[in-house]
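Source file target-v9.pdb; content: PDB, C-alpha atoms.
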```pdb
ATOM      1  CA  MET A  24     166.983 -77.690  70.747
ATOM      2  CA  MET A  25     163.511 -76.641  71.756
ATOM      3  CA  ARG A  26     164.749 -73.121  72.385
ATOM      4  CA  ARG A  27     166.356 -72.949  68.945
ATOM      5  CA  VAL A  28     163.098 -74.025  67.289
ATOM      6  CA  MET A  29     161.186 -71.379  69.213
ATOM      7  CA  VAL A  30     163.667 -68.658  68.259
ATOM      8  CA  ARG A  31     163.363 -69.684  64.591
ATOM      9  CA  ALA A  32     159.582 -69.655  64.800
ATOM     10  CA  VAL A  33     159.537 -66.182  66.356
ATOM     11  CA  PHE A  34     162.014 -64.926  63.726
ATOM     12  CA  ALA A  35     159.943 -66.410  60.895
ATOM     13  CA  ALA A  36     156.764 -64.832  62.287
ATOM     14  CA  ALA A  37     158.495 -61.456  62.656
ATOM     15  CA  MET A  38     159.641 -61.632  59.029
ATOM     16  CA  ALA A  39     156.261 -62.740  57.788
ATOM     17  CA  VAL A  40     154.333 -59.762  59.228
ATOM     18  CA  PRO A  41     155.994 -57.005  57.142
ATOM     19  CA  CYS A  42     156.005 -59.270  54.079
ATOM     20  CA  THR A  43     152.263 -59.838  54.390
ATOM     21  CA  ALA A  44     151.636 -56.128  55.006
ATOM     22  CA  HIS A  45     153.767 -55.246  51.988
ATOM     23  CA  ALA A  46     151.931 -57.788  49.825
ATOM     24  CA  GLN A  47     148.585 -56.476  51.021
ATOM     25  CA  SER A  48     149.471 -52.832  50.292
ATOM     26  CA  GLN A  49     150.814 -53.869  46.872
ATOM     27  CA  SER A  50     147.619 -55.784  46.109
ATOM     28  CA  SER A  51     145.503 -52.848  47.334
ATOM     29  CA  ALA A  52     147.458 -50.448  45.107
ATOM     30  CA  THR A  53     146.978 -52.757  42.117
ATOM     31  CA  SER A  54     143.271 -53.013  42.900
ATOM     32  CA  ASP A  55     142.993 -49.194  43.204
ATOM     33  CA  ALA A  56     144.784 -48.736  39.883
ATOM     34  CA  ASN A  57     142.478 -51.323  38.325
ATOM     35  CA  ILE A  58     139.363 -49.539  39.633
ATOM     36  CA  ASP A  59     140.731 -46.164  38.505
ATOM     37  CA  ALA A  60     141.316 -47.542  35.001
ATOM     38  CA  ARG A  61     137.813 -49.035  34.844
ATOM     39  CA  ALA A  62     136.270 -45.834  36.222
ATOM     40  CA  ALA A  63     138.136 -43.781  33.603
ATOM     41  CA  ALA A  64     136.955 -46.117  30.820
ATOM     42  CA  ILE A  65     133.318 -45.821  31.946
ATOM     43  CA  SER A  66     133.573 -42.057  32.497
ATOM     44  CA  ALA A  67     134.858 -41.647  28.941
ATOM     45  CA  THR A  68     131.555 -43.072  27.665
ATOM     46  CA  LEU A  69     129.287 -40.794  29.723
ATOM     47  CA  ARG A  70     128.261 -37.351  28.488
ATOM     48  CA  CYS A  71     128.818 -34.381  30.773
ATOM     49  CA  PRO A  72     125.355 -32.832  31.333
ATOM     50  CA  VAL A  73     126.659 -29.272  31.648
ATOM     51  CA  CYS A  74     129.160 -29.337  28.760
ATOM     52  CA  GLN A  75     129.074 -29.361  24.974
ATOM     53  CA  GLY A  76     129.697 -32.914  23.739
ATOM     54  CA  GLU A  77     132.356 -33.685  26.335
ATOM     55  CA  SER A  78     132.619 -36.818  28.432
ATOM     56  CA  ILE A  79     132.672 -36.576  32.217
ATOM     57  CA  GLN A  80     136.215 -37.957  32.005
ATOM     58  CA  ASP A  81     137.396 -34.992  29.915
ATOM     59  CA  SER A  82     135.346 -32.236  31.516
ATOM     60  CA  PRO A  83     136.835 -30.039  34.258
ATOM     61  CA  SER A  84     133.344 -29.039  35.496
ATOM     62  CA  GLU A  85     132.355 -29.633  39.108
ATOM     63  CA  LEU A  86     129.383 -31.838  38.223
ATOM     64  CA  ALA A  87     131.545 -34.018  35.945
ATOM     65  CA  GLY A  88     134.006 -34.514  38.829
ATOM     66  CA  GLN A  89     131.159 -35.480  41.151
ATOM     67  CA  MET A  90     129.824 -37.919  38.548
ATOM     68  CA  ARG A  91     133.301 -39.481  38.178
ATOM     69  CA  ALA A  92     133.314 -39.974  41.949
ATOM     70  CA  VAL A  93     129.935 -41.740  41.732
ATOM     71  CA  VAL A  94     131.277 -44.039  38.982
ATOM     72  CA  ARG A  95     134.272 -44.957  41.154
ATOM     73  CA  GLU A  96     132.157 -45.483  44.277
ATOM     74  CA  GLN A  97     129.820 -47.808  42.445
ATOM     75  CA  LEU A  98     132.728 -49.870  41.078
ATOM     76  CA  VAL A  99     134.208 -50.119  44.581
ATOM     77  CA  ALA A 100     130.769 -51.250  45.801
ATOM     78  CA  GLY A 101     131.013 -54.147  43.332
ATOM     79  CA  ARG A 102     128.806 -52.941  40.494
ATOM     80  CA  THR A 103     129.757 -53.985  36.960
ATOM     81  CA  PRO A 104     130.465 -51.339  34.273
ATOM     82  CA  ASP A 105     127.104 -52.148  32.656
ATOM     83  CA  GLU A 106     125.310 -51.620  35.974
ATOM     84  CA  VAL A 107     127.077 -48.285  36.486
ATOM     85  CA  LYS A 108     126.053 -47.140  32.997
ATOM     86  CA  ALA A 109     122.503 -48.381  33.600
ATOM     87  CA  TYR A 110     122.364 -46.235  36.765
ATOM     88  CA  PHE A 111     123.181 -43.091  34.772
ATOM     89  CA  VAL A 112     120.839 -44.050  31.913
ATOM     90  CA  GLY A 113     118.084 -44.509  34.503
ATOM     91  CA  ARG A 114     118.656 -40.925  35.700
ATOM     92  CA  TYR A 115     119.494 -39.078  32.493
ATOM     93  CA  GLY A 116     118.183 -41.344  29.743
ATOM     94  CA  GLU A 117     120.099 -42.729  26.742
ATOM     95  CA  TRP A 118     121.277 -39.169  26.091
ATOM     96  CA  ILE A 119     123.937 -39.614  28.776
ATOM     97  CA  LEU A 120     125.740 -42.207  26.628
ATOM     98  CA  LEU A 121     128.140 -40.579  24.163
ATOM     99  CA  GLU A 122     127.641 -43.595  21.900
ATOM    100  CA  PRO A 123     124.000 -44.686  21.704
ATOM    101  CA  SER A 124     123.412 -48.357  22.448
ATOM    102  CA  MET A 125     122.399 -50.652  19.579
ATOM    103  CA  THR A 126     118.835 -51.230  20.742
ATOM    104  CA  GLY A 127     115.385 -50.146  19.536
ATOM    105  CA  MET A 128     115.310 -47.101  17.266
ATOM    106  CA  ASN A 129     119.040 -46.565  17.903
ATOM    107  CA  VAL A 130     119.755 -49.452  15.527
ATOM    108  CA  LEU A 131     118.644 -47.111  12.726
ATOM    109  CA  LEU A 132     121.305 -44.597  13.781
ATOM    110  CA  TRP A 133     123.991 -47.232  13.414
ATOM    111  CA  ALA A 134     122.537 -48.813  10.284
ATOM    112  CA  PHE A 135     121.828 -45.596   8.356
ATOM    113  CA  PRO A 136     125.464 -44.655   7.551
ATOM    114  CA  VAL A 137     126.261 -48.256   6.570
ATOM    115  CA  LEU A 138     123.206 -48.403   4.285
ATOM    116  CA  LEU A 139     124.184 -45.025   2.842
ATOM    117  CA  VAL A 140     127.691 -46.276   1.978
ATOM    118  CA  ILE A 141     126.325 -49.520   0.469
ATOM    119  CA  GLY A 142     123.782 -47.533  -1.559
ATOM    120  CA  GLY A 143     126.490 -45.142  -2.752
ATOM    121  CA  LEU A 144     128.783 -47.963  -3.819
ATOM    122  CA  TRP A 145     125.909 -49.649  -5.641
ATOM    123  CA  LEU A 146     125.068 -46.386  -7.433
ATOM    124  CA  ILE A 147     128.701 -45.868  -8.471
ATOM    125  CA  ALA A 148     128.888 -49.467  -9.752
ATOM    126  CA  VAL A 149     125.704 -49.034 -11.795
ATOM    127  CA  VAL A 150     126.809 -45.701 -13.293
ATOM    128  CA  VAL A 151     130.330 -46.939 -14.096
ATOM    129  CA  ARG A 152     128.916 -50.057 -15.748
ATOM    130  CA  LYS A 153     126.562 -47.929 -17.821
ATOM    131  CA  TRP A 154     129.329 -45.541 -18.866
ATOM    132  CA  SER A 155     131.660 -48.350 -19.834
ATOM    133  CA  ALA A 156     128.862 -49.950 -21.877
ATOM    134  CA  GLN A 157     128.203 -46.652 -23.674
ATOM    135  CA  THR A 158     131.866 -45.716 -24.309
ATOM    136  CA  PRO A 159     132.580 -46.384 -28.012
ATOM    137  CA  THR A 160     135.555 -48.668 -28.655
ATOM    138  CA  PRO A 161     138.243 -47.488 -31.161
ATOM    139  CA  ASP A 162     137.103 -50.265 -33.520
ATOM    140  CA  SER A 163     133.534 -48.994 -33.595
TER     141      SER A 163
ATOM    142  CA  MET T   1     112.424 -47.849 -17.045
ATOM    143  CA  ASN T   2     111.278 -44.330 -16.058
ATOM    144  CA  TRP T   3     108.817 -45.568 -13.464
ATOM    145  CA  LYS T   4     111.585 -47.664 -11.938
ATOM    146  CA  ARG T   5     113.765 -44.571 -11.585
ATOM    147  CA  SER T   6     110.885 -42.606 -10.145
ATOM    148  CA  LEU T   7     110.208 -45.395  -7.652
ATOM    149  CA  ILE T   8     113.858 -45.433  -6.530
ATOM    150  CA  GLY T   9     113.821 -41.612  -6.261
ATOM    151  CA  VAL T  10     110.683 -41.656  -4.138
ATOM    152  CA  GLY T  11     112.057 -44.537  -2.053
ATOM    153  CA  VAL T  12     115.202 -42.548  -1.275
ATOM    154  CA  ALA T  13     113.583 -39.107  -0.862
ATOM    155  CA  VAL T  14     110.646 -40.058   1.376
ATOM    156  CA  PRO T  15     112.689 -41.487   4.280
ATOM    157  CA  ILE T  16     115.126 -38.523   4.135
ATOM    158  CA  ILE T  17     112.274 -35.969   4.125
ATOM    159  CA  GLY T  18     110.565 -37.923   6.923
ATOM    160  CA  LEU T  19     113.765 -37.878   8.970
ATOM    161  CA  LEU T  20     114.214 -34.124   8.453
ATOM    162  CA  ALA T  21     110.556 -33.450   9.321
ATOM    163  CA  PHE T  22     110.939 -35.513  12.498
ATOM    164  CA  GLY T  23     114.036 -33.494  13.395
ATOM    165  CA  PHE T  24     112.415 -30.119  12.727
ATOM    166  CA  MET T  25     109.361 -30.986  14.826
ATOM    167  CA  ARG T  26     111.507 -31.689  17.899
ATOM    168  CA  ASP T  27     113.016 -29.118  20.224
ATOM    169  CA  PRO T  28     116.773 -29.839  20.064
ATOM    170  CA  ARG T  29     117.233 -28.455  23.589
ATOM    171  CA  ALA T  30     114.566 -30.738  25.067
ATOM    172  CA  ILE T  31     116.124 -33.809  26.615
ATOM    173  CA  PRO T  32     113.500 -36.374  27.583
ATOM    174  CA  SER T  33     113.883 -37.497  31.179
ATOM    175  CA  PRO T  34     113.291 -41.126  32.079
ATOM    176  CA  LEU T  35     112.295 -40.187  35.657
ATOM    177  CA  PRO T  36     108.599 -39.157  35.416
ATOM    178  CA  GLY T  37     106.422 -42.156  36.230
ATOM    179  CA  HIS T  38     109.170 -43.761  38.319
ATOM    180  CA  GLU T  39     109.740 -43.745  42.046
ATOM    181  CA  ALA T  40     111.505 -40.593  43.218
ATOM    182  CA  PRO T  41     115.065 -41.236  44.432
ATOM    183  CA  ALA T  42     115.237 -41.092  48.225
ATOM    184  CA  PHE T  43     117.166 -38.322  49.939
ATOM    185  CA  ASP T  44     118.255 -37.426  53.466
ATOM    186  CA  LEU T  45     119.443 -33.811  53.365
ATOM    187  CA  ALA T  46     120.253 -31.315  56.098
ATOM    188  CA  VAL T  47     118.373 -28.028  56.392
ATOM    189  CA  PHE T  48     120.557 -24.893  56.141
ATOM    190  CA  ALA T  49     117.786 -22.314  55.545
ATOM    191  CA  PRO T  50     114.784 -22.874  57.814
ATOM    192  CA  GLY T  51     111.999 -21.219  55.835
ATOM    193  CA  GLU T  52     109.177 -19.353  57.525
ATOM    194  CA  ALA T  53     106.264 -20.374  59.754
ATOM    195  CA  PRO T  54     104.172 -22.479  59.303
ATOM    196  CA  LEU T  55     106.543 -24.292  56.898
ATOM    197  CA  ALA T  56     109.745 -23.710  58.859
ATOM    198  CA  ARG T  57     112.153 -26.514  59.804
ATOM    199  CA  LYS T  58     115.081 -26.154  62.177
ATOM    200  CA  VAL T  59     118.553 -25.599  60.711
ATOM    201  CA  GLY T  60     120.405 -28.928  60.918
ATOM    202  CA  ASP T  61     117.214 -31.019  60.742
ATOM    203  CA  THR T  62     117.327 -33.805  58.180
ATOM    204  CA  LEU T  63     114.593 -33.796  55.563
ATOM    205  CA  ARG T  64     113.905 -37.309  54.354
ATOM    206  CA  LEU T  65     111.743 -37.907  51.303
ATOM    207  CA  ARG T  66     110.130 -40.930  52.943
ATOM    208  CA  GLU T  67     108.715 -38.761  55.755
ATOM    209  CA  PHE T  68     106.583 -36.944  53.150
ATOM    210  CA  ALA T  69     104.778 -40.085  51.906
ATOM    211  CA  GLY T  70     101.169 -39.245  51.056
ATOM    212  CA  LYS T  71     102.007 -35.604  50.283
ATOM    213  CA  VAL T  72     102.673 -33.801  47.028
ATOM    214  CA  VAL T  73     106.375 -32.940  47.227
ATOM    215  CA  VAL T  74     107.947 -30.139  45.199
ATOM    216  CA  VAL T  75     111.739 -30.438  45.016
ATOM    217  CA  ASN T  76     113.422 -27.381  43.530
ATOM    218  CA  PHE T  77     117.154 -27.381  42.756
ATOM    219  CA  TRP T  78     118.625 -23.876  42.847
ATOM    220  CA  ALA T  79     121.822 -21.894  43.438
ATOM    221  CA  SER T  80     122.730 -18.348  44.388
ATOM    222  CA  TRP T  81     124.778 -18.009  41.158
ATOM    223  CA  CYS T  82     121.769 -19.000  39.029
ATOM    224  CA  LEU T  83     120.098 -15.964  37.428
ATOM    225  CA  GLN T  84     116.991 -17.858  36.305
ATOM    226  CA  CYS T  85     116.410 -18.974  39.901
ATOM    227  CA  GLN T  86     115.558 -15.354  40.722
ATOM    228  CA  ASP T  87     112.697 -15.466  38.191
ATOM    229  CA  GLU T  88     110.941 -18.382  39.871
ATOM    230  CA  HIS T  89     111.722 -17.619  43.507
ATOM    231  CA  ARG T  90     108.619 -15.558  44.295
ATOM    232  CA  ASP T  91     106.302 -18.054  42.526
ATOM    233  CA  LEU T  92     107.723 -20.992  44.463
ATOM    234  CA  SER T  93     107.665 -19.205  47.793
ATOM    235  CA  GLU T  94     104.103 -17.916  47.378
ATOM    236  CA  THR T  95     102.746 -21.218  46.046
ATOM    237  CA  ALA T  96     104.269 -23.061  49.003
ATOM    238  CA  ARG T  97     102.562 -20.603  51.371
ATOM    239  CA  ALA T  98      99.243 -20.880  49.502
ATOM    240  CA  TYR T  99      99.242 -24.670  49.872
ATOM    241  CA  ALA T 100     100.555 -24.691  53.454
ATOM    242  CA  ASP T 101      97.307 -26.173  54.835
ATOM    243  CA  ARG T 102      97.175 -28.904  52.195
ATOM    244  CA  PRO T 103      99.250 -32.137  52.179
ATOM    245  CA  THR T 104     102.184 -30.617  50.319
ATOM    246  CA  GLN T 105     105.877 -30.162  51.058
ATOM    247  CA  PHE T 106     108.281 -27.825  49.288
ATOM    248  CA  VAL T 107     112.020 -28.476  49.510
ATOM    249  CA  GLY T 108     114.756 -26.267  48.064
ATOM    250  CA  VAL T 109     118.018 -28.081  47.294
ATOM    251  CA  LEU T 110     121.142 -25.954  47.023
ATOM    252  CA  TYR T 111     123.207 -27.108  44.059
ATOM    253  CA  ASN T 112     126.998 -26.699  43.888
ATOM    254  CA  ASP T 113     126.996 -23.641  46.104
ATOM    255  CA  ARG T 114     128.026 -22.544  49.576
ATOM    256  CA  THR T 115     125.355 -22.363  52.253
ATOM    257  CA  THR T 116     126.548 -18.887  53.324
ATOM    258  CA  LEU T 117     125.917 -17.626  49.798
ATOM    259  CA  GLY T 118     122.585 -19.450  49.687
ATOM    260  CA  THR T 119     121.457 -17.888  52.964
ATOM    261  CA  ARG T 120     122.520 -14.413  51.811
ATOM    262  CA  TRP T 121     120.683 -14.906  48.490
ATOM    263  CA  ILE T 122     117.463 -15.907  50.286
ATOM    264  CA  SER T 123     117.744 -12.826  52.465
ATOM    265  CA  GLU T 124     118.358 -10.587  49.417
ATOM    266  CA  MET T 125     115.350 -12.147  47.683
ATOM    267  CA  GLY T 126     113.116 -11.240  50.645
ATOM    268  CA  GLY T 127     113.008 -14.654  52.299
ATOM    269  CA  GLN T 128     111.778 -18.123  51.373
ATOM    270  CA  SER T 129     108.640 -19.650  52.853
ATOM    271  CA  TYR T 130     109.889 -23.260  52.790
ATOM    272  CA  PRO T 131     113.137 -24.894  53.956
ATOM    273  CA  SER T 132     116.235 -25.379  51.832
ATOM    274  CA  VAL T 133     118.761 -28.175  52.254
ATOM    275  CA  THR T 134     122.374 -28.804  51.263
ATOM    276  CA  ASP T 135     123.346 -31.551  48.845
ATOM    277  CA  ASP T 136     126.821 -32.811  49.726
ATOM    278  CA  ARG T 137     128.833 -33.703  46.583
ATOM    279  CA  SER T 138     125.630 -33.286  44.513
ATOM    280  CA  ARG T 139     124.563 -36.875  45.207
ATOM    281  CA  ALA T 140     120.847 -35.952  45.185
ATOM    282  CA  ALA T 141     121.320 -33.828  42.056
ATOM    283  CA  ILE T 142     122.918 -36.756  40.198
ATOM    284  CA  ASN T 143     120.264 -39.141  41.543
ATOM    285  CA  TYR T 144     117.647 -36.830  40.061
ATOM    286  CA  GLY T 145     119.485 -36.606  36.730
ATOM    287  CA  LEU T 146     120.058 -32.873  37.028
ATOM    288  CA  TYR T 147     121.341 -30.957  33.977
ATOM    289  CA  GLY T 148     121.499 -27.569  35.620
ATOM    290  CA  VAL T 149     119.510 -25.131  37.720
ATOM    291  CA  PRO T 150     116.751 -24.321  38.148
ATOM    292  CA  GLU T 151     115.027 -27.678  37.846
ATOM    293  CA  THR T 152     111.883 -28.683  39.695
ATOM    294  CA  PHE T 153     110.463 -32.127  40.377
ATOM    295  CA  ILE T 154     106.874 -32.657  41.455
ATOM    296  CA  ILE T 155     106.391 -35.912  43.312
ATOM    297  CA  ALA T 156     102.965 -37.527  43.621
ATOM    298  CA  PRO T 157     101.553 -38.723  46.981
ATOM    299  CA  ASP T 158     102.481 -42.300  46.013
ATOM    300  CA  GLY T 159     106.155 -41.346  45.760
ATOM    301  CA  ARG T 160     106.469 -41.323  41.986
ATOM    302  CA  ILE T 161     107.854 -38.388  40.034
ATOM    303  CA  ALA T 162     104.905 -36.894  38.184
ATOM    304  CA  TYR T 163     106.661 -34.020  36.450
ATOM    305  CA  LYS T 164     110.116 -32.599  35.828
ATOM    306  CA  HIS T 165     110.400 -28.933  34.905
ATOM    307  CA  LEU T 166     113.510 -27.457  33.290
ATOM    308  CA  GLY T 167     114.079 -23.750  33.844
ATOM    309  CA  PRO T 168     112.084 -21.300  35.958
ATOM    310  CA  ILE T 169     108.704 -22.661  37.034
ATOM    311  CA  SER T 170     105.605 -20.486  37.415
ATOM    312  CA  SER T 171     102.884 -20.570  40.051
ATOM    313  CA  ALA T 172     100.401 -21.493  37.301
ATOM    314  CA  VAL T 173     102.315 -24.678  36.409
ATOM    315  CA  LEU T 174     102.889 -25.507  40.069
ATOM    316  CA  GLY T 175      99.225 -24.967  40.932
ATOM    317  CA  LYS T 176      98.017 -27.061  38.007
ATOM    318  CA  TRP T 177     100.190 -30.025  38.967
ATOM    319  CA  ILE T 178      99.603 -29.796  42.697
ATOM    320  CA  ASP T 179      95.811 -29.536  42.256
ATOM    321  CA  SER T 180      95.809 -32.528  39.904
ATOM    322  CA  LEU T 181      97.922 -34.642  42.215
ATOM    323  CA  LEU T 182      96.011 -33.733  45.374
ATOM    324  CA  THR T 183      92.881 -35.246  43.864
ATOM    325  CA  LEU T 184      94.660 -38.511  43.190
ATOM    326  CA  ALA T 185      94.450 -41.464  45.491
ATOM    327  CA  PRO T 186      97.824 -43.070  46.284
ATOM    328  CA  ARG T 187      99.044 -45.603  43.700
ATOM    329  CA  ALA T 188      96.957 -44.011  40.938
ATOM    330  CA  ASP T 189      98.556 -43.374  37.566
ATOM    331  CA  THR T 190     100.104 -39.904  37.534
ATOM    332  CA  THR T 191     101.720 -39.868  34.136
ATOM    333  CA  ALA T 192      98.579 -38.853  32.252
ATOM    334  CA  VAL T 193      97.194 -36.372  34.753
ATOM    335  CA  ALA T 194      98.337 -33.196  33.113
ATOM    336  CA  ASP T 195     100.634 -32.294  30.328
ATOM    337  CA  LYS T 196     103.407 -29.758  30.152
TER     338      LYS T 196
END
```
Rewritten as structure tokens:
Amino acid sequence: MMRRVMVRAVFAAAMAVPCTAHAQSQSSATSDANIDARAAAISATLRCPVCQGESIQDSPSELAGQMRAVVREQLVAGRTPDEVKAYFVGRYGEWILLEPSMTGMNVLLWAFPVLLVIGGLWLIAVVVRKWSAQTPTPDS
Amino acid sequence: MNWKRSLIGVGVAVPIIGLLAFGFMRDPRAIPSPLPGHEAPAFDLAVFAPGEAPLARKVGDTLRLREFAGKVVVVNFWASWCLQCQDEHRDLSETARAYADRPTQFVGVLYNDRTTLGTRWISEMGGQSYPSVTDDRSRAAINYGLYGVPETFIIAPDGRIAYKHLGPISSAVLGKWIDSLLTLAPRADTTAVADK
């Protein structure tokens, strides 16, 4: 009886080892894919310093590749996407962000087109109202 | 009614003209760096070109920024494929030699290039008075927010970046900054010492 229990225990342990290893490798692969996806998302927001309006994600240049590696390394080290972006902004300034952040004078950049559209719509409304007021009716 | 229209016209035109004037007064190629005034990023980089006496360092030695505390450090990023680097080479080399007996340290950092090509370039240029180091995977270049080469950083004795220069640097600019910074006591404000 005792022997049978021991055999079962050894068999169970032998089965468990590859299962655990498989689960670990699967989890590691998922984690790698997750980090790659996050790194790609961050890299798509960072401007390549040696290119014309391209992100480091899209650029084939050597420096862009090295910057992508830095993004990935920092994510692996546990930094958040905001911290990774802050690192690059600290080195290159706001210029490194393809989309300027909505802070300080940058708010004007975001607000200006919206104000322009609102102003345009208002102008059209005023002009149309004036025209319709001036258009003579068939009765008149 | 007319003054209302005029007021609206002025209200719309003035900000647009102001915006255009602001744009025309700026150099579109100038990208302001956030680094001057801040602590220089640390580096530990291996020497591949030793330089010449009395500034020589052994090939394979590691140059660490922290070992130059209290000195004015000039960090110049360059490459053998960079044409503009040829224009500044003599100025850098001669300025480094001229300040050899002062608390200064010049460091050349090879950017995205092979050390064999860098060594050959130095030889073709007639030598380099100060040591040059390799920058594996451009980590130092990225830490210094490099756009391209040549770029030169002048670091104050207190470890803060005092000045970043894009393009070839002249001995006049180097001398002006080094002289200003040598007169400064550590921890003094370096941002207003000299302008570009």
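Here the PyMOL selection byres ((chain T and resi 144) around 9) matches the residues Arg114 and Tyr115 of chain A; Leu35, Ala40, Pro41, Arg139, Ala140, Ala141, Ile142, Asn143, Gly145, Leu146 and Phe153 of chain T.
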Please write as a short mmCIF file (atom, residue, chain, number, x, y, z; two decimals) with C-alpha atoms, in the frame of the given file the list of polymer residues whose atoms come within 12 Å of (138.8, -46.2, 37.8), counting only C-alpha atoms and keeping to the coordinates of the file.
```cif
data_model
loop_
_atom_site.label_atom_id
_atom_site.label_comp_id
_atom_site.auth_asym_id
_atom_site.auth_seq_id
_atom_site.Cartn_x
_atom_site.Cartn_y
_atom_site.Cartn_z
CA THR A 53 146.98 -52.76 42.12
CA SER A 54 143.27 -53.01 42.90
CA ASP A 55 142.99 -49.19 43.20
CA ALA A 56 144.78 -48.74 39.88
CA ASN A 57 142.48 -51.32 38.33
CA ILE A 58 139.36 -49.54 39.63
CA ASP A 59 140.73 -46.16 38.51
CA ALA A 60 141.32 -47.54 35.00
CA ARG A 61 137.81 -49.04 34.84
CA ALA A 62 136.27 -45.83 36.22
CA ALA A 63 138.14 -43.78 33.60
CA ALA A 64 136.96 -46.12 30.82
CA ILE A 65 133.32 -45.82 31.95
CA SER A 66 133.57 -42.06 32.50
CA ALA A 67 134.86 -41.65 28.94
CA GLN A 80 136.22 -37.96 32.01
CA ARG A 91 133.30 -39.48 38.18
CA ALA A 92 133.31 -39.97 41.95
CA VAL A 93 129.94 -41.74 41.73
CA VAL A 94 131.28 -44.04 38.98
CA ARG A 95 134.27 -44.96 41.15
CA GLU A 96 132.16 -45.48 44.28
CA GLN A 97 129.82 -47.81 42.44
CA LEU A 98 132.73 -49.87 41.08
CA VAL A 99 134.21 -50.12 44.58
CA THR A 103 129.76 -53.98 36.96
CA PRO A 104 130.46 -51.34 34.27
CA VAL A 107 127.08 -48.28 36.49
#
```
Under the rule that only C-alpha atoms are counted, which of A:Leu121, A:Gly142, A:Lys108, A:Ser82 is the nearest residue to chain T? A:Gly142
Give me, as a PyMOL selection string, the contact residues of chain T against chain A at a cut-off of 6 Å, counting only C-alpha atoms. chain T and resi 33-34+145+147
How big is the axis-aligned box around the listed atoms of range 124-143 of chain A once 4 Å is added on each side, and where is its centre? Give both in Å to one decimal, as lines of an AutoDock Vina configuration file.
```
center_x = 121.5
center_y = -47.9
center_z = 9.8
size_x = 20.4
size_y = 14.6
size_z = 33.2
```
Picked residues, the PyMOL selection byres ((chain T and resi 132) around 6), expected as a list in words: Val47, Ala49, Val107, Gly108, Val109, Pro131 and Val133 of chain T
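Between CA of Gln84 in chain T and CA of Arg66 in chain T the interatomic distance comes to 29.3 Å.
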re CA of Ala172 in chain T and CA of Glu151 in chain T: distance 15.9 Å
Any chance you could work out the residue set of the PyMOL selection byres ((chain T and resi 81) around 12) here, as a ChimeraX atom specification? /T:78-80,82-86,110-115,117-118,120-122,148-150
Separation of CA of Lys153 in chain A and CA of Pro136 in chain A, in Å? 25.6 Å
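For the set T:Leu55, T:Ala162, T:Ile169, T:Leu20, the residue with the smallest atom-to-atom gap to Arg90 in chain T is T:Ile169, counting only C-alpha atoms.
Each of T:Ala69, T:Leu7, T:Ser138, T:Pro168 was checked against Glu39 in chain T using only C-alpha atoms; the smallest atom-to-atom distance is that of T:Ala69.
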Because the input lacks atoms here, generate N, CA and C atoms for range 140-151 of chain A and report them as a PDB file, in the frame of the given file.
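Output (result_10.pdb):
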```pdb
ATOM      1  N   VAL A 140     126.444 -45.918   2.672  1.00  0.00           N
ATOM      2  CA  VAL A 140     127.691 -46.276   1.978  1.00  0.00           C
ATOM      3  C   VAL A 140     127.412 -47.383   0.966  1.00  0.00           C
ATOM      4  N   ILE A 141     126.638 -48.401   1.379  1.00  0.00           N
ATOM      5  CA  ILE A 141     126.325 -49.520   0.469  1.00  0.00           C
ATOM      6  C   ILE A 141     125.552 -48.985  -0.744  1.00  0.00           C
ATOM      7  N   GLY A 142     124.581 -48.117  -0.471  1.00  0.00           N
ATOM      8  CA  GLY A 142     123.782 -47.533  -1.559  1.00  0.00           C
ATOM      9  C   GLY A 142     124.649 -46.719  -2.509  1.00  0.00           C
ATOM     10  N   GLY A 143     125.579 -45.954  -1.941  1.00  0.00           N
ATOM     11  CA  GLY A 143     126.490 -45.142  -2.752  1.00  0.00           C
ATOM     12  C   GLY A 143     127.365 -45.993  -3.633  1.00  0.00           C
ATOM     13  N   LEU A 144     127.912 -47.062  -3.046  1.00  0.00           N
ATOM     14  CA  LEU A 144     128.783 -47.963  -3.819  1.00  0.00           C
ATOM     15  C   LEU A 144     127.997 -48.622  -4.954  1.00  0.00           C
ATOM     16  N   TRP A 145     126.768 -49.004  -4.636  1.00  0.00           N
ATOM     17  CA  TRP A 145     125.909 -49.649  -5.641  1.00  0.00           C
ATOM     18  C   TRP A 145     125.629 -48.674  -6.796  1.00  0.00           C
ATOM     19  N   LEU A 146     125.360 -47.414  -6.430  1.00  0.00           N
ATOM     20  CA  LEU A 146     125.068 -46.386  -7.433  1.00  0.00           C
ATOM     21  C   LEU A 146     126.279 -46.161  -8.339  1.00  0.00           C
ATOM     22  N   ILE A 147     127.464 -46.076  -7.695  1.00  0.00           N
ATOM     23  CA  ILE A 147     128.701 -45.868  -8.471  1.00  0.00           C
ATOM     24  C   ILE A 147     128.907 -47.045  -9.427  1.00  0.00           C
ATOM     25  N   ALA A 148     128.693 -48.266  -8.927  1.00  0.00           N
ATOM     26  CA  ALA A 148     128.888 -49.467  -9.752  1.00  0.00           C
ATOM     27  C   ALA A 148     127.953 -49.441 -10.958  1.00  0.00           C
ATOM     28  N   VAL A 149     126.695 -49.067 -10.705  1.00  0.00           N
ATOM     29  CA  VAL A 149     125.704 -49.034 -11.795  1.00  0.00           C
ATOM     30  C   VAL A 149     126.101 -47.985 -12.842  1.00  0.00           C
ATOM     31  N   VAL A 150     126.469 -46.800 -12.372  1.00  0.00           N
ATOM     32  CA  VAL A 150     126.809 -45.701 -13.293  1.00  0.00           C
ATOM     33  C   VAL A 150     128.051 -46.045 -14.100  1.00  0.00           C
ATOM     34  N   VAL A 151     129.070 -46.597 -13.400  1.00  0.00           N
ATOM     35  CA  VAL A 151     130.330 -46.939 -14.096  1.00  0.00           C
ATOM     36  C   VAL A 151     130.064 -48.003 -15.152  1.00  0.00           C
TER      37      VAL A 151
END
```
